[in-house]
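Shown next: query12.txt, given as compact mmCIF, C-alpha atoms.
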# COMPACT_ATOMS: atom_id res chain seq x y z
CA MET A 8 41.88 17.48 -13.91
CA PRO A 9 38.04 17.50 -13.81
CA THR A 10 36.39 18.94 -10.71
CA ILE A 11 33.41 17.43 -8.91
CA LYS A 12 30.85 18.30 -6.23
CA PHE A 13 28.68 16.01 -4.12
CA HIS A 14 25.33 16.81 -2.52
CA THR A 15 23.90 14.24 -0.10
CA LEU A 16 20.45 14.12 1.48
CA GLY A 17 19.05 11.67 3.98
CA CYS A 18 20.28 8.81 6.10
CA LYS A 19 23.63 7.40 7.19
CA VAL A 20 23.46 4.82 4.39
CA ASN A 21 23.28 7.60 1.81
CA GLN A 22 26.18 9.40 3.47
CA TYR A 23 28.24 6.21 3.36
CA GLU A 24 27.41 5.66 -0.30
CA THR A 25 28.39 9.21 -1.23
CA GLN A 26 31.74 8.70 0.47
CA ALA A 27 32.28 5.51 -1.55
CA ILE A 28 31.44 7.37 -4.79
CA ARG A 29 33.74 10.23 -3.73
CA GLU A 30 36.71 7.91 -3.15
CA ALA A 31 36.14 6.11 -6.45
CA CYS A 32 36.05 9.44 -8.30
CA LEU A 33 39.16 10.81 -6.59
CA LYS A 34 41.04 7.62 -7.49
CA ARG A 35 40.07 8.21 -11.13
CA GLY A 36 41.61 11.69 -11.15
CA PHE A 37 38.76 13.98 -10.08
CA LYS A 38 39.34 16.86 -7.69
CA GLU A 39 36.68 18.26 -5.36
CA ALA A 40 35.66 21.76 -6.38
CA GLY A 41 35.20 23.29 -2.95
CA ASN A 42 33.16 26.51 -3.13
CA GLY A 43 33.66 27.04 -6.85
CA LYS A 44 31.60 25.61 -9.68
CA ALA A 45 32.40 22.06 -10.82
CA ASP A 46 32.67 20.11 -14.04
CA CYS A 47 30.55 17.29 -12.58
CA TYR A 48 27.84 17.07 -9.93
CA VAL A 49 26.50 14.01 -8.11
CA ILE A 50 23.26 14.51 -6.18
CA ASN A 51 22.45 11.59 -3.86
CA THR A 52 18.76 12.05 -3.12
CA CYS A 53 16.30 11.02 -0.39
CA THR A 54 12.56 10.38 -0.54
CA VAL A 55 11.58 9.55 3.04
CA THR A 56 9.30 12.63 3.20
CA SER A 57 7.82 15.14 0.76
CA ALA A 58 10.28 17.68 2.20
CA ALA A 59 13.16 15.37 1.21
CA ASP A 60 11.75 15.19 -2.33
CA ARG A 61 11.61 18.98 -2.50
CA LYS A 62 15.15 19.43 -1.18
CA SER A 63 16.42 16.84 -3.67
CA ARG A 64 14.93 18.82 -6.55
CA GLU A 65 16.37 22.06 -5.14
CA TYR A 66 19.89 20.60 -5.16
CA ILE A 67 19.43 19.42 -8.75
CA TYR A 68 18.29 22.86 -9.93
CA ARG A 69 21.07 24.57 -7.95
CA SER A 70 23.74 22.37 -9.55
CA VAL A 71 22.42 22.97 -13.07
CA ARG A 72 22.30 26.74 -12.48
CA GLU A 73 25.81 26.82 -11.03
CA ASN A 74 27.29 25.31 -14.18
CA PRO A 75 24.89 24.63 -17.07
CA LYS A 76 27.71 22.91 -19.00
CA ALA A 77 28.52 20.39 -16.23
CA LYS A 78 27.68 16.70 -16.18
CA VAL A 79 24.91 16.19 -13.63
CA ILE A 80 24.17 12.72 -12.25
CA VAL A 81 21.20 12.15 -9.96
CA THR A 82 21.00 9.02 -7.83
CA GLY A 83 19.49 7.87 -4.53
CA CYS A 84 16.05 6.90 -3.34
CA TYR A 85 14.11 9.74 -4.97
CA VAL A 86 14.92 8.44 -8.45
CA GLU A 87 13.59 4.93 -7.80
CA LYS A 88 9.87 5.74 -8.11
CA ASP A 89 9.93 9.37 -9.27
CA ARG A 90 12.33 9.12 -12.17
CA ASP A 91 9.85 10.84 -14.48
CA LYS A 92 9.88 13.96 -12.28
CA ILE A 93 13.67 14.24 -12.72
CA THR A 94 13.80 13.27 -16.39
CA GLY A 95 12.04 16.51 -17.28
CA ILE A 96 14.66 18.69 -15.56
CA GLU A 97 16.85 20.26 -18.23
CA GLY A 98 20.54 19.78 -17.53
CA VAL A 99 20.34 16.34 -15.88
CA ASP A 100 22.59 13.98 -17.84
CA LEU A 101 21.92 10.67 -16.13
CA ILE A 102 19.68 9.12 -13.49
CA ILE A 103 21.26 6.18 -11.66
CA SER A 104 19.54 3.65 -9.38
CA ASN A 105 20.83 2.83 -5.90
CA GLU A 106 22.11 -0.54 -7.09
CA GLN A 107 24.38 1.09 -9.68
CA LYS A 108 26.14 3.70 -7.52
CA ASN A 109 29.34 1.68 -7.82
CA VAL A 110 29.74 2.55 -11.53
CA ILE A 111 29.22 6.31 -11.28
CA SER A 112 32.95 7.12 -11.49
CA ASP A 113 33.16 5.08 -14.72
CA LEU A 114 30.15 6.86 -16.21
CA LEU A 115 31.54 10.31 -15.44
CA LEU A 116 34.68 9.51 -17.45
CA SER A 117 32.77 8.06 -20.39
CA LYS A 118 32.63 10.15 -23.54
CA GLU A 119 29.04 9.06 -23.97
CA ILE A 120 26.84 8.62 -20.93
CA LYS A 121 24.45 5.69 -21.29
CA PRO A 122 21.78 4.32 -18.93
CA VAL A 123 22.74 1.36 -16.76
CA GLY A 124 20.55 -1.64 -16.01
CA ARG A 125 19.36 -2.58 -12.52
CA ASN A 126 20.12 -5.60 -10.38
CA ASN A 127 18.45 -5.53 -6.97
CA GLN A 128 19.11 -9.19 -6.19
CA LYS A 129 22.46 -8.71 -4.46
CA PHE A 130 24.31 -6.31 -2.20
CA THR A 131 26.00 -3.58 -4.24
CA ASP A 132 29.75 -3.59 -3.59
CA LEU A 133 30.98 -0.24 -2.27
CA GLU A 134 33.91 0.47 0.02
CA ILE A 135 35.55 3.37 1.84
CA SER A 136 38.86 4.14 3.51
CA ASN A 137 37.99 7.51 5.00
CA PHE A 138 34.97 9.68 5.77
CA PHE A 139 35.00 13.23 4.45
CA ASP A 140 34.01 15.90 7.00
CA HIS A 141 32.97 13.33 9.65
CA ASP A 142 34.31 12.67 13.13
CA LYS A 143 33.01 9.11 13.09
CA ALA A 144 32.94 6.54 10.31
CA PHE A 145 29.76 4.83 9.10
CA VAL A 146 30.11 1.26 7.85
CA LYS A 147 27.22 0.03 5.74
CA ILE A 148 26.59 -3.66 6.35
CA GLN A 149 23.06 -4.12 5.00
CA ASP A 150 20.63 -2.70 2.45
CA GLY A 151 16.89 -2.99 1.80
CA CYS A 152 13.96 -3.75 4.09
CA ASP A 153 11.36 -6.52 4.38
CA ASN A 154 9.19 -4.85 7.05
CA HIS A 155 6.75 -2.98 4.76
CA CYS A 156 5.47 -0.43 7.26
CA SER A 157 2.36 1.08 5.68
CA TYR A 158 3.66 4.67 5.71
CA CYS A 159 7.21 3.98 4.52
CA LYS A 160 8.52 4.26 0.97
CA VAL A 161 11.95 2.89 1.83
CA SER A 162 11.11 -0.79 1.30
CA VAL A 163 9.71 0.19 -2.11
CA VAL A 164 12.76 2.15 -3.27
CA ARG A 165 15.51 0.10 -1.58
CA GLY A 166 14.17 -3.39 -2.30
CA ARG A 167 14.40 -6.52 -0.17
CA SER A 168 16.92 -6.97 2.64
CA ARG A 169 20.45 -7.84 1.48
CA SER A 170 23.58 -8.38 3.59
CA ARG A 171 27.17 -7.40 2.87
CA ASP A 172 29.96 -9.95 2.78
CA PHE A 173 31.17 -10.56 6.33
CA GLN A 174 34.90 -10.32 5.63
CA SER A 175 34.42 -7.15 3.60
CA ILE A 176 32.87 -5.47 6.66
CA VAL A 177 35.74 -6.46 8.93
CA LYS A 178 38.44 -5.41 6.43
CA GLU A 179 36.83 -2.02 5.86
CA THR A 180 36.44 -1.41 9.59
CA GLU A 181 40.08 -2.32 10.18
CA ARG A 182 41.10 0.11 7.44
CA LEU A 183 39.07 2.94 8.97
CA ILE A 184 40.51 2.30 12.45
CA LYS A 185 44.05 2.39 11.02
CA ASN A 186 43.16 5.69 9.37
CA GLY A 187 42.37 7.20 12.76
CA PHE A 188 38.64 6.79 13.30
CA GLN A 189 37.78 6.00 16.92
CA GLU A 190 34.04 5.54 16.51
CA ILE A 191 32.62 3.05 14.03
CA VAL A 192 28.86 3.26 13.38
CA LEU A 193 27.37 0.09 11.91
CA THR A 194 24.50 1.08 9.68
CA GLY A 195 21.96 -0.28 7.23
CA ILE A 196 18.44 0.32 6.02
CA CYS A 197 17.28 -2.40 8.42
CA LEU A 198 20.43 -3.05 10.44
CA GLY A 199 19.09 -5.90 12.58
CA ALA A 200 18.20 -7.96 9.50
CA TYR A 201 21.90 -8.46 8.75
CA GLY A 202 22.81 -12.08 8.00
CA ARG A 203 19.35 -13.54 7.39
CA ASP A 204 20.18 -14.06 3.72
CA LEU A 205 23.65 -15.47 4.49
CA LYS A 206 24.80 -18.77 5.91
CA GLN A 207 23.37 -19.83 9.25
CA GLY A 208 25.04 -18.28 12.29
CA THR A 209 26.00 -15.02 10.59
CA ASP A 210 24.22 -12.12 12.26
CA LEU A 211 24.78 -8.66 13.70
CA VAL A 212 26.32 -10.03 16.89
CA SER A 213 28.88 -12.05 14.92
CA VAL A 214 29.90 -8.84 13.12
CA ILE A 215 30.33 -7.09 16.47
CA ASP A 216 32.37 -10.01 17.82
CA SER A 217 34.83 -9.85 14.91
CA ILE A 218 35.20 -6.07 14.96
CA GLU A 219 35.84 -6.07 18.70
CA LYS A 220 38.88 -8.28 18.14
CA LEU A 221 40.56 -5.67 15.92
CA ASP A 222 43.51 -3.74 17.32
CA GLY A 223 43.11 -0.09 18.20
CA ASP A 224 41.44 2.38 20.53
CA PHE A 225 37.91 2.65 19.22
CA ARG A 226 34.26 2.08 20.04
CA ILE A 227 31.30 0.67 18.12
CA ARG A 228 27.88 2.27 17.84
CA LEU A 229 24.75 0.84 16.24
CA SER A 230 22.56 3.07 14.12
CA SER A 231 18.77 2.68 14.20
CA ILE A 232 17.56 -0.85 14.93
CA GLU A 233 14.02 -2.24 15.01
CA ALA A 234 12.61 -3.53 18.29
CA LYS A 235 12.13 -7.05 16.96
CA ASP A 236 15.85 -7.20 16.17
CA VAL A 237 16.96 -6.26 19.69
CA THR A 238 17.41 -9.86 20.82
CA ASP A 239 18.57 -11.18 24.18
CA LYS A 240 21.78 -12.20 22.41
CA LEU A 241 22.39 -8.60 21.30
CA ILE A 242 21.51 -7.16 24.71
CA ASP A 243 23.94 -9.57 26.40
CA ARG A 244 26.65 -8.65 23.88
CA ILE A 245 26.32 -4.93 24.57
CA ALA A 246 26.19 -5.52 28.33
CA GLY A 247 29.41 -7.56 28.30
CA SER A 248 31.34 -5.43 25.81
CA LYS A 249 34.16 -2.96 26.41
CA LYS A 250 33.83 -1.51 22.91
CA MET A 251 30.07 -1.18 22.38
CA CYS A 252 28.40 2.16 23.05
CA ARG A 253 25.66 2.06 25.68
CA HIS A 254 23.08 3.38 23.25
CA LEU A 255 20.24 1.91 21.22
CA HIS A 256 18.09 3.94 18.84
CA ILE A 257 14.83 2.02 18.53
CA PRO A 258 12.13 3.68 16.36
CA PHE A 259 8.80 3.16 18.13
CA GLN A 260 6.79 5.61 15.95
CA SER A 261 3.72 5.52 18.23
CA GLY A 262 2.60 4.45 21.67
CA ASP A 263 -0.95 3.53 20.64
CA ASP A 264 -1.80 -0.02 19.60
CA SER A 265 -4.44 0.99 17.03
CA VAL A 266 -2.03 3.36 15.30
CA LEU A 267 0.77 0.77 15.43
CA LYS A 268 -1.51 -1.79 13.79
CA LYS A 269 -2.48 0.69 11.08
CA MET A 270 1.24 1.38 10.55
CA ASN A 271 1.83 -2.40 10.17
CA ARG A 272 4.43 -2.19 12.95
CA LYS A 273 3.49 -5.66 14.33
CA TYR A 274 4.23 -4.59 17.90
CA THR A 275 2.20 -3.30 20.84
CA ALA A 276 3.05 -0.47 23.21
CA GLU A 277 3.22 -2.98 26.06
CA SER A 278 5.75 -5.16 24.23
CA TYR A 279 7.86 -2.04 23.59
CA ILE A 280 7.78 -1.24 27.30
CA GLU A 281 8.75 -4.82 28.20
CA LEU A 282 11.70 -4.63 25.79
CA VAL A 283 12.95 -1.34 27.25
CA ASN A 284 12.67 -2.73 30.79
CA ARG A 285 14.64 -5.82 29.76
CA ILE A 286 17.38 -3.71 28.17
CA ARG A 287 17.70 -1.43 31.19
CA LYS A 288 17.83 -4.36 33.57
CA GLU A 289 20.94 -5.66 31.78
CA ILE A 290 22.46 -2.25 30.90
CA PRO A 291 21.27 0.21 33.59
CA GLN A 292 22.81 3.42 32.20
CA ILE A 293 22.00 2.80 28.54
CA ALA A 294 20.55 5.59 26.43
CA ILE A 295 17.32 4.62 24.67
CA THR A 296 16.53 7.07 21.87
CA THR A 297 13.61 6.81 19.47
CA ASP A 298 11.54 8.18 16.59
CA ILE A 299 7.91 9.24 17.04
CA MET A 300 5.60 10.08 14.13
CA VAL A 301 2.84 12.60 14.80
CA GLY A 302 -0.39 13.03 12.88
CA PHE A 303 -0.61 9.58 11.33
CA THR A 304 -3.94 8.67 9.78
CA GLN A 305 -6.70 8.23 12.43
CA GLU A 306 -4.51 9.46 15.29
CA THR A 307 -7.34 10.70 17.51
CA GLU A 308 -6.75 12.84 20.58
CA LYS A 309 -7.08 9.75 22.77
CA ARG A 310 -4.55 7.84 20.67
CA PHE A 311 -2.15 10.75 20.80
CA LYS A 312 -2.47 10.84 24.60
CA ASN A 313 -1.63 7.13 24.63
CA THR A 314 1.65 8.02 22.91
CA VAL A 315 2.31 10.73 25.50
CA GLY A 316 1.71 8.22 28.30
CA PHE A 317 3.91 5.67 26.56
CA LEU A 318 6.82 8.10 26.33
CA LYS A 319 6.43 9.02 30.00
CA GLU A 320 6.66 5.31 30.78
CA ILE A 321 9.81 4.49 28.78
CA LYS A 322 11.50 7.90 29.26
CA PRO A 323 13.80 7.97 26.20
CA SER A 324 16.83 10.22 26.52
CA ARG A 325 16.21 11.73 23.10
CA VAL A 326 13.23 11.71 20.71
CA HIS A 327 13.19 12.53 17.01
CA ILE A 328 9.68 13.89 16.43
CA PHE A 329 8.38 14.32 12.89
CA PRO A 330 5.01 14.72 11.13
CA PHE A 331 3.38 12.03 9.02
CA SER A 332 4.16 12.64 5.35
CA PRO A 333 1.86 10.75 2.93
CA ARG A 334 4.04 8.99 0.35
CA GLU A 335 2.82 7.72 -2.99
CA HIS A 336 3.32 3.99 -3.60
CA THR A 337 2.59 3.19 0.09
CA PRO A 338 -0.66 1.79 1.60
CA ALA A 339 -1.02 4.72 4.01
CA TYR A 340 -1.25 7.13 1.09
CA CYS A 341 -4.76 5.82 0.43
CA PHE A 342 -5.98 5.54 4.04
CA GLY A 343 -7.75 8.90 4.12
CA GLU A 344 -8.94 10.66 7.32
CA ARG A 345 -5.70 12.64 7.61
CA ILE A 346 -4.97 14.86 10.60
CA ASP A 347 -4.88 18.58 9.80
CA SER A 348 -1.52 20.36 9.95
CA ALA A 349 -2.49 22.70 12.82
CA THR A 350 -3.35 19.75 15.07
CA THR A 351 -0.18 17.94 14.06
CA LYS A 352 1.97 20.98 14.85
CA ALA A 353 0.29 21.46 18.24
CA ARG A 354 0.92 17.80 19.13
CA MET A 355 4.53 18.05 18.03
CA LEU A 356 5.05 21.00 20.37
CA ILE A 357 3.67 18.95 23.27
CA LEU A 358 6.05 16.08 22.52
CA GLN A 359 9.00 18.41 22.03
CA GLY A 360 8.45 19.84 25.51
CA LEU A 361 8.17 16.37 26.97
CA ALA A 362 11.30 15.19 25.12
CA ARG A 363 13.28 18.18 26.44
CA GLU A 364 12.31 17.35 30.03
CA MET A 365 13.10 13.63 29.64
CA SER A 366 16.50 14.45 28.16
CA TYR A 367 17.21 16.74 31.11
CA GLN A 368 16.23 14.10 33.66
CA TYR A 369 18.43 11.48 31.96
CA ARG A 370 21.46 13.76 31.68
CA LYS A 371 21.21 14.85 35.33
CA LYS A 372 22.07 11.28 36.37
CA PHE A 373 25.60 11.86 35.07
CA LEU A 374 26.37 15.10 36.88
CA HIS A 375 29.92 14.89 38.36
CA LYS A 376 30.42 11.55 36.56
CA ILE A 377 33.27 10.77 34.16
CA LEU A 378 32.32 9.90 30.57
CA GLU A 379 34.36 9.12 27.49
CA VAL A 380 33.55 11.53 24.68
CA LEU A 381 34.44 11.52 21.00
CA VAL A 382 35.62 15.12 20.58
CA GLU A 383 34.42 16.72 17.37
CA GLN A 384 36.71 18.80 15.22
CA GLN A 385 34.12 21.55 15.13
CA ILE A 386 34.20 24.07 17.99
CA GLU A 387 30.92 25.47 19.34
CA LYS A 388 30.80 28.97 17.84
CA GLU A 389 28.96 30.88 20.57
CA THR A 390 31.01 29.67 23.55
CA GLY A 391 34.28 28.60 21.95
CA PHE A 392 33.96 25.27 23.77
CA PHE A 393 34.90 21.94 22.27
CA GLN A 394 32.02 19.52 21.89
CA GLY A 395 31.39 15.82 21.51
CA TYR A 396 29.18 12.84 22.32
CA SER A 397 29.63 10.27 25.06
CA ASP A 398 29.11 6.58 24.36
CA ASN A 399 25.59 6.89 25.82
CA TYR A 400 24.84 9.74 23.42
CA ILE A 401 25.08 12.73 25.72
CA LYS A 402 26.24 15.79 23.85
CA THR A 403 28.55 17.82 26.05
CA PHE A 404 30.37 21.13 25.70
CA ILE A 405 33.95 20.81 26.96
CA ASN A 406 35.52 23.81 28.66
CA SER A 407 39.24 23.31 28.10
CA LYS A 408 42.01 25.87 28.35
CA LYS A 409 44.22 23.69 26.18
CA PRO A 410 43.42 22.59 22.61
CA ILE A 411 41.91 19.11 22.27
CA LEU A 412 42.42 17.04 19.16
CA GLY A 413 39.23 16.43 17.21
CA ASN A 414 38.10 12.95 16.18
CA LYS A 415 39.64 11.51 19.35
CA LEU A 416 38.22 9.83 22.46
CA LYS A 417 38.70 11.89 25.61
CA LYS A 418 37.57 11.39 29.21
CA VAL A 419 35.61 14.33 30.65
CA LYS A 420 33.80 15.11 33.88
CA ILE A 421 30.27 16.50 33.69
CA THR A 422 30.30 19.72 35.76
CA ALA A 423 26.87 21.20 35.02
CA VAL A 424 23.59 20.07 33.48
CA THR A 425 20.89 22.44 32.26
CA PRO A 426 17.61 21.68 30.47
CA ASP A 427 19.38 22.34 27.17
CA SER A 428 22.99 21.29 27.58
CA SER A 429 25.65 19.39 29.53
CA LEU A 430 28.98 21.04 30.39
CA SER A 431 32.24 19.27 31.18
CA VAL A 432 35.97 19.60 31.69
CA PRO A 433 38.78 17.25 30.59
CA VAL A 434 40.18 14.80 33.18
What is this structure when it is put down as structure tokens?
Amino acid sequence: MPTIKFHTLGCKVNQYETQAIREACLKRGFKEAGNGKADCYVINTCTVTSAADRKSREYIYRSVRENPKAKVIVTGCYVEKDRDKITGIEGVDLIISNEQKNVISDLLLSKEIKPVGRNNQKFTDLEISNFFDHDKAFVKIQDGCDNHCSYCKVSVVRGRSRSRDFQSIVKETERLIKNGFQEIVLTGICLGAYGRDLKQGTDLVSVIDSIEKLDGDFRIRLSSIEAKDVTDKLIDRIAGSKKMCRHLHIPFQSGDDSVLKKMNRKYTAESYIELVNRIRKEIPQIAITTDIMVGFTQETEKRFKNTVGFLKEIKPSRVHIFPFSPREHTPAYCFGERIDSATTKARMLILQGLAREMSYQYRKKFLHKILEVLVEQQIEKETGFFQGYSDNYIKTFINSKKPILGNKLKKVKITAVTPDSSLSVPV
């Protein structure tokens, strides 16, 4: 029985796709190697930043060193435009595009590994029944992106937006719920674009409607969604739902109009603020989380301060802060006038302090309140407490004298809130 190892970098979509490859390989007779060396390695790469490129190469080299005689397959976004950088790595047997991940199990069993052609005109069929080492299950419903933000390589390497078959989504979700998952995360490269290439009337809300009708005790979370895709219809659906998590992750990237225009974001800071106000009017306790890029081309001190003011206005409950990483094959790579790393790091520290305070202020609103938490199987090492996330994305440490089953929804009462954590007890 051949053994296999998987290494995954990057987003929820990549994690979903690795799980689909894993299940296909296990069905074909492979066994996961655990901590030992394997007969086969699959490295599912990411290219969103230069750091992701570097980590992808590190995993490739590590796999080849661990077993020089193994079959090594490299796939994922890094291979789409940087195939030549991987081709020269001795020990790599095959480089597979994102669109051909569904045939990897076949290729690993072939006596002779041959390259596979590409077809980026349709959604690649993948499916899962479980989710290895996860407390929640991701369901990929869409691939590709038509937004073409000037800094982003994803639309280049993932292709145009493509939607998954509607019934396939529902069947897979039903299967995952029956297998015990109580949180389903709908994900895609550009989640809100779902359905635009399908028949009229099929959209993200229609997917939510059908999933909500499934039997079982579970909740639905949306992964990252662009502001332009947060429609009144979607807001109303979340507000009136008993299954939807009160959480939207909307990547704003900047709070300065000049920077947004240079990013080709096609939004203004004011329109972002109006959207957040509209959401909170309909769903008062919702968590708004976001991404902010620091050090983008021509981000002057004044423009950075506009972003600081913007964040103080919308008060997100959590902010993912990251530096601008110039990516080849994108317009921003050629913009010039880049911000030096010392300035970028100093600005990131300012935003990190602000984000910490905003998180604290949001979490304090729920002191002595009861929340439903998805308990994780992992126990917090330092305290021995259980941990989990509420539907509105508050991470809480649960002080329980009795064991609590992981991967299950549990009501807890928030008993203490500090600048860095929220504590609770079961109810």
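Ranking A:Cys252, A:Ala234, A:Ile245, A:Ile148 by their shortest atom-to-atom distance to Ser278 of chain A, with only C-alpha atoms included, puts A:Ala234 first.
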For Pro410 of chain A, which of A:Val163, A:Ile386, A:Ile218, A:Ile184 is the closest residue, counting all atoms listed in the file?
A:Ile386
With all atoms listed in the file as the basis for distance, which of A:Cys47, A:Leu358, A:Ala31, A:Cys341 is at the shortest distance from Lys322 of chain A?
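Result for the nearest residue to Lys322 of chain A: A:Leu358.
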Which centre and which edge lengths, in Å to one decimal, describe the axis-aligned box that holds all listed atoms of segment 255-262 of chain A after 6 Å is added on each side, as JSON?
{"center_x": 11.4, "center_y": 3.8, "center_z": 18.8, "size_x": 29.6, "size_y": 15.7, "size_z": 17.7}
Can you work out which one of A:Phe173, A:Phe138, A:Phe303, A:Tyr23 has the shortest atom-to-atom distance to Phe329 of chain A, counting only C-alpha atoms?
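Between A:Phe173, A:Phe138, A:Phe303, A:Tyr23, the residue approaching Phe329 of chain A most closely is A:Phe303.
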So, counting only C-alpha atoms, which residue among A:Ala27, A:Arg35, A:Arg72, A:Gly208 is closest to Pro9 of chain A?
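Nearest to Pro9 of chain A: A:Arg35.
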Nearest to Asp236 of chain A by atom-to-atom distance, counting all atoms listed in the file, from A:Ile191, A:Leu282, A:Ala362, A:Ile295:
A:Leu282
